[in-house]
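Chemist: My questions all concern the structure below.
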Amino acid sequence: MTKSSPFSVRGRHALVIMRDEREISIVRRQLSRLGMSVTESDPTRLAPPDGPADVIVLDADSIPIKSDSMPAWKSNTPVIALIGTETPSRLKWLLDLQPASFLIKPLRSAGLYTALVVAFDCAQRRFGEAAYVEKLEERIRSRRVVFAAVLQVMRAHALSEDDAFALIRQTAMRHRTTIEQLSAEIIAVGGMPNRTSRTA
Amino acid sequence: MTKPSVPLGLVFSRSGPYAMMAREMEKSALMAVNEVNESHEFDFTFAPHLRDPGGIVPAYHTACDDLIREERVEHIVGCYTSASRKQVIPIVERTERLLWHPARYEGFESSDNVIYVGAAPNHTVVPLVKHMLEHIASDVFCAGSNYVWTWETNRVLREIVTSAGGRILAERLLELGETSVDHIVREIVDRRPPVVFNTLVGESSYVFMRALHAASVRAGLSIPMLSCSLCEPELKLIGSAASVGCITSSAYFESIEGPENRAFVARWKARHGSRSNPSVDGQSTYVCVMLLARAIRRAGSTDVAAVRRAAANHRYDSPQGPVWVDPDNNHCFLTPRLARSVPGCQFEIFWEADAPERPDPYLSNLDLASIGAKLEARDDGPTKRPNHLRVVK
């Protein structure tokens with residue numbers, strides 16, 4: 001995932017999955033003004049073309065709701081949905097694609113840049129949030145380890161739970177490691193690891 | 001003195017996949033134009049300009065663009081499918097023209113430049129599903145054509161049915177025009193659902209109804225069928241045996257009592273032959289032209305803004321009963337009706353609303369809780385509570 005600003009769209013690549021020739025020409029012209037390159041794909045194709053794209057511009061009305069090709073369009077690439085039909089059945093189909101932004105048809109040249117910026121920003125945030133969630137999940141997974149280490153230290157040093165945890169936290173800080181890592185060491189060696197020197 | 005002439009665009013696909021319906025609609029539009037032109041009640045005549053987009057979606061844009069630029073029309077009557085209407089909306093909005101749209105559709109749209117004369121979903125699918133839940137069954141097998149009308153109609157069906165504790169047993173879809181129906185018929189005969197909801201359109205529906213009828217006769221089955229779109233000319237195409245017994249929801253049937261409809265049917269038969277029957281979409285197209293003519297007369301002008309204002313809340317006693325435009329959403333107040341198809345390719349109406357119902361294109365007034373509660377009250381059993389008594393706890 002690129003770390004560049006969502007406002008700079010030049011040089012990025014769009015996959016355009018649309019049917020209406022008039023609307024395709026509007027998108028093509030506007031994207032080229034913005035310095036983006038474009039690959040066009042027919043919505044009736046079962047799978048999108050290979051090769052990476054930074055954004056997918058998808059005409060939501062061009063693919064049947066009950067369609068076998070649906071899973072092929074699911075990817076991590078941000079999707080800009082072009083919406084003509086606002087029926088809940090169509091919108092539900094669209095929500096499953098998790099569009100990063102959308103435009104209402106008929107298209108005009110105005111609006112596409114905003115949709116791109118929102119899509120790139122949204123993709124970046126999603127990427128950041130996914131990494132953050134992964135970190136939190138890792139913490140939850142190691143809670144059992146930390147708890148076991150606290151019990152061990154309580155028993156070995158006759159400490160209260162609060163004091164045992166404080167000791168582990170201080171030691172982890174001193175050793176420049178995480179509570180989770182130190183806890184794993186405590187369990188592995190059966191007590192506070194015998195580190196004589198500070199690592200710093 | 002000759003009357004001034006008002007150019008009127010008529011956009012119907014006389015060729016292509018739904019030519020049969022579109023021809024009925026064009027015939028009805030021309031009949032209304034003829035009546036307006038010969039009537040001393042109107043101080044203008046319509047000059048109809050016909051366009052045939054051939055059922056090709058982008059051709060609707062071209063046809064309307066041409067009507068507006070070349071023929072200088074301010075008002076267009078036409079379109080049948082939602083895809084075609086969505087092609088026309090950008091042009092009529094940009095050029096401030098009015099599209100008078102005759103066909104029922106799935107709702108969730110409200111353009112200032114369209115007058116929606118066909119039924120909204122609260123006029124069609126909602127009363128049909130309520131009837132099904134109250135009188136037939138709460139578990140239903142769906143067969144439909146794979147496009148927006150079926151998707152959205154089935155969604156509404158599913159929402160109402162599941163909130164009332166029922167189930168969608170299956171949802172089988174065929175591509176538009178597809179006539180390989182045997183696998184669906186076989187599944188229905190095998191599973192014997194209490195009711196089949198049919199949103200197939202055109203030839204797919206006719207073939208399906210014939211095949212299911214034949215298979216049901218062989219298996220000694222009688223499974224009720226529901227439709228939101230069947231009309232008299234289609235009953236003829238299906239054939240008298242297979243078309244009988246389908247419970248259909250519509251704002252218009254040829255069998256509506258009342259002097260306006262009796263006179264309309266008589267004029268229709270005089271014009272198109274005694275064996276010809278008006279259809280819901282045809283009648284609605286006739287109503288479009290008449291609503292437009294009356295609004296122009298009332299406004300004293302063909303100007304779009306003036307006509308739109310004049311059409312609002314202006315009651316017209318049409319063949320299908322009183323109709324008027326709701327200025328809140330440009331859809332029409334219509335009377336929903338339920339009927340059963342009977343031998344002779346006609347419908348026998350067994351229910352109609354007490355009064356024309358306000359259009360609700362976004363179904364924002366659909367009260368699912370009250371439908372479910374009504375059913376629960378019914379399920380109290382044989383000692384049913386008289387409904388004029390209030391429960392005191």
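Naming scheme: A, B, ... for chains in displayed order of the structure tokens; residues 1 onward per chain; ligands 1 onward as shown.
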Report the closest atom pair, with its distance in Å rounded to one decimal, for each residue of chain A that has an atom no farther than 10 Å from chain B; count only C-alpha atoms, sort by chain and then rising residue number, and write it as a tab-separated table.

Modeler:
```
residue	atom	partner	partner_atom	distance
A:Asp20	CA	B:Pro58	CA	7.9
A:Glu21	CA	B:Pro58	CA	9.1
A:Arg22	CA	B:Pro58	CA	9.2
A:Asp61	CA	B:Ala83	CA	9.2
A:Ile63	CA	B:Tyr147	CA	9.9
A:Pro64	CA	B:Tyr147	CA	6.9
A:Ile65	CA	B:Trp151	CA	7.6
A:Lys66	CA	B:Asn146	CA	7.3
A:Ser67	CA	B:Asn146	CA	9.2
A:Gly84	CA	B:Lys86	CA	7.4
A:Thr85	CA	B:Phe108	CA	7.8
A:Glu86	CA	B:Phe108	CA	5.9
A:Thr87	CA	B:Phe108	CA	5.5
A:Pro88	CA	B:Glu152	CA	7.2
A:Ser89	CA	B:Glu152	CA	5.5
A:Arg90	CA	B:Glu152	CA	7.9
A:Lys105	CA	B:Pro90	CA	8.7
A:Pro106	CA	B:Pro90	CA	6.4
A:Leu107	CA	B:Pro90	CA	9.6
```

Chemist: Produce a file of the selected residues containing C-alpha atoms, as an mmCIF file, in the first residue's frame.

Modeler:
```
data_model
loop_
_atom_site.group_PDB
_atom_site.id
_atom_site.type_symbol
_atom_site.label_atom_id
_atom_site.label_comp_id
_atom_site.auth_asym_id
_atom_site.auth_seq_id
_atom_site.Cartn_x
_atom_site.Cartn_y
_atom_site.Cartn_z
ATOM 1 C CA ASP A 20 -21.890 2.828 -21.145
ATOM 2 C CA GLU A 21 -19.601 4.291 -23.808
ATOM 3 C CA ARG A 22 -20.607 7.901 -23.054
ATOM 4 C CA ASP A 61 -25.584 -1.308 -12.562
ATOM 5 C CA ILE A 63 -23.230 -6.471 -13.093
ATOM 6 C CA PRO A 64 -26.282 -8.599 -12.236
ATOM 7 C CA ILE A 65 -26.916 -8.871 -8.495
ATOM 8 C CA LYS A 66 -27.229 -12.642 -8.594
ATOM 9 C CA SER A 67 -24.013 -13.140 -10.469
ATOM 10 C CA GLY A 84 -27.690 4.653 -10.992
ATOM 11 C CA THR A 85 -30.194 2.383 -9.254
ATOM 12 C CA GLU A 86 -30.813 3.224 -5.618
ATOM 13 C CA THR A 87 -32.939 0.184 -4.750
ATOM 14 C CA PRO A 88 -32.000 -1.470 -1.436
ATOM 15 C CA SER A 89 -31.357 -4.787 -3.220
ATOM 16 C CA ARG A 90 -28.678 -3.107 -5.379
ATOM 17 C CA LYS A 105 -24.849 8.757 -12.388
ATOM 18 C CA PRO A 106 -25.143 10.527 -14.784
ATOM 19 C CA LEU A 107 -21.439 11.341 -14.511
#
```

Chemist: If we count only C-alpha atoms, what is near range 36-46 of chain A at a cut-off of 7 Å, once residues fewer than 2 positions away on the same chain are taken out, given as a list in words?

Modeler: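 What passes the distance filter is Val9, Arg10, Gly11, Arg12, His13, Ala14, Leu15, Val16, Ile17, Met18, Arg19, Leu31, Ser32, Leu34, Pro48, Ser62, Ile63 and Ser69 of chain A.
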
Chemist: Kindly export the residues of the current selection with C-alpha atoms, as an mmCIF file, in the first residue's frame.

Modeler:
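File written: again_23.cif
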```cif
data_model
loop_
_atom_site.group_PDB
_atom_site.id
_atom_site.type_symbol
_atom_site.label_atom_id
_atom_site.label_comp_id
_atom_site.auth_asym_id
_atom_site.auth_seq_id
_atom_site.Cartn_x
_atom_site.Cartn_y
_atom_site.Cartn_z
ATOM 1 C CA VAL A 9 -3.271 10.935 -7.953
ATOM 2 C CA ARG A 10 -0.800 11.390 -10.824
ATOM 3 C CA GLY A 11 0.863 8.175 -11.886
ATOM 4 C CA ARG A 12 -1.693 5.921 -10.264
ATOM 5 C CA HIS A 13 -3.477 3.260 -12.213
ATOM 6 C CA ALA A 14 -7.252 2.787 -12.515
ATOM 7 C CA LEU A 15 -9.146 -0.292 -13.621
ATOM 8 C CA VAL A 16 -12.400 0.899 -15.227
ATOM 9 C CA ILE A 17 -15.230 -1.671 -15.287
ATOM 10 C CA MET A 18 -18.054 0.056 -17.126
ATOM 11 C CA ARG A 19 -20.490 -0.510 -19.971
ATOM 12 C CA LEU A 31 -8.473 10.430 -15.424
ATOM 13 C CA SER A 32 -6.038 11.360 -18.169
ATOM 14 C CA LEU A 34 -5.317 13.946 -13.666
ATOM 15 C CA PRO A 48 -10.907 -8.725 -13.876
ATOM 16 C CA SER A 62 -23.538 -3.251 -15.089
ATOM 17 C CA ILE A 63 -23.230 -6.471 -13.093
ATOM 18 C CA SER A 69 -18.652 -13.343 -11.239
#
```

Chemist: From a DSSP calculation on the backbone, collect every residue of range 308-384 of chain B in alpha helix (DSSP H) and output the set as number ranges by chain.

Modeler: B: 308-311, 368-378

Chemist: Next, write the just-selected residues to a file, as a CSV table (one decimal), in the first residue's frame, keeping C-alpha atoms as the atom set.

Modeler:
```csv
chain,number,residue,atom,x,y,z
B,308,ARG,CA,-46.2,20.2,-13.4
B,309,ARG,CA,-47.9,22.6,-11.0
B,310,ALA,CA,-51.3,22.2,-12.8
B,311,ALA,CA,-51.0,18.4,-12.8
B,368,LEU,CA,-43.7,-4.4,9.0
B,369,ALA,CA,-44.6,-4.7,12.6
B,370,SER,CA,-48.3,-4.1,12.0
B,371,ILE,CA,-48.4,-6.8,9.2
B,372,GLY,CA,-46.8,-9.3,11.6
B,373,ALA,CA,-49.1,-8.3,14.5
B,374,LYS,CA,-52.2,-8.8,12.3
B,375,LEU,CA,-51.0,-12.3,11.4
B,376,GLU,CA,-50.4,-13.2,15.1
B,377,ALA,CA,-53.9,-12.0,15.9
B,378,ARG,CA,-55.2,-14.3,13.1
```

Chemist: Extract, using only C-alpha atoms, all DNA, RNA and protein residues at most 12 Å from Asn122 in chain B, discarding same-chain residues fewer than 6 positions from it, and format them as a ChimeraX atom specification.

Modeler: /B:104-108,128-130,153,156-157,228,249-251,331-337,353,356-367

Chemist: Restricting the calculation to only C-alpha atoms: of B:Ile223, B:Ala170, B:Ile349, B:Leu212, which residue gets closest to Ile238 in chain B?

Modeler: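 Once distances to Ile238 in chain B are computed over only C-alpha atoms, the minimum belongs to B:Leu212.
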
Chemist: Between CA of Gly300 in chain B and CA of Pro102 in chain B, what is the distance, to one decimal in Å?

Modeler: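 Value for the CA of Gly300 in chain B-CA of Pro102 in chain B distance: 23.7 Å.
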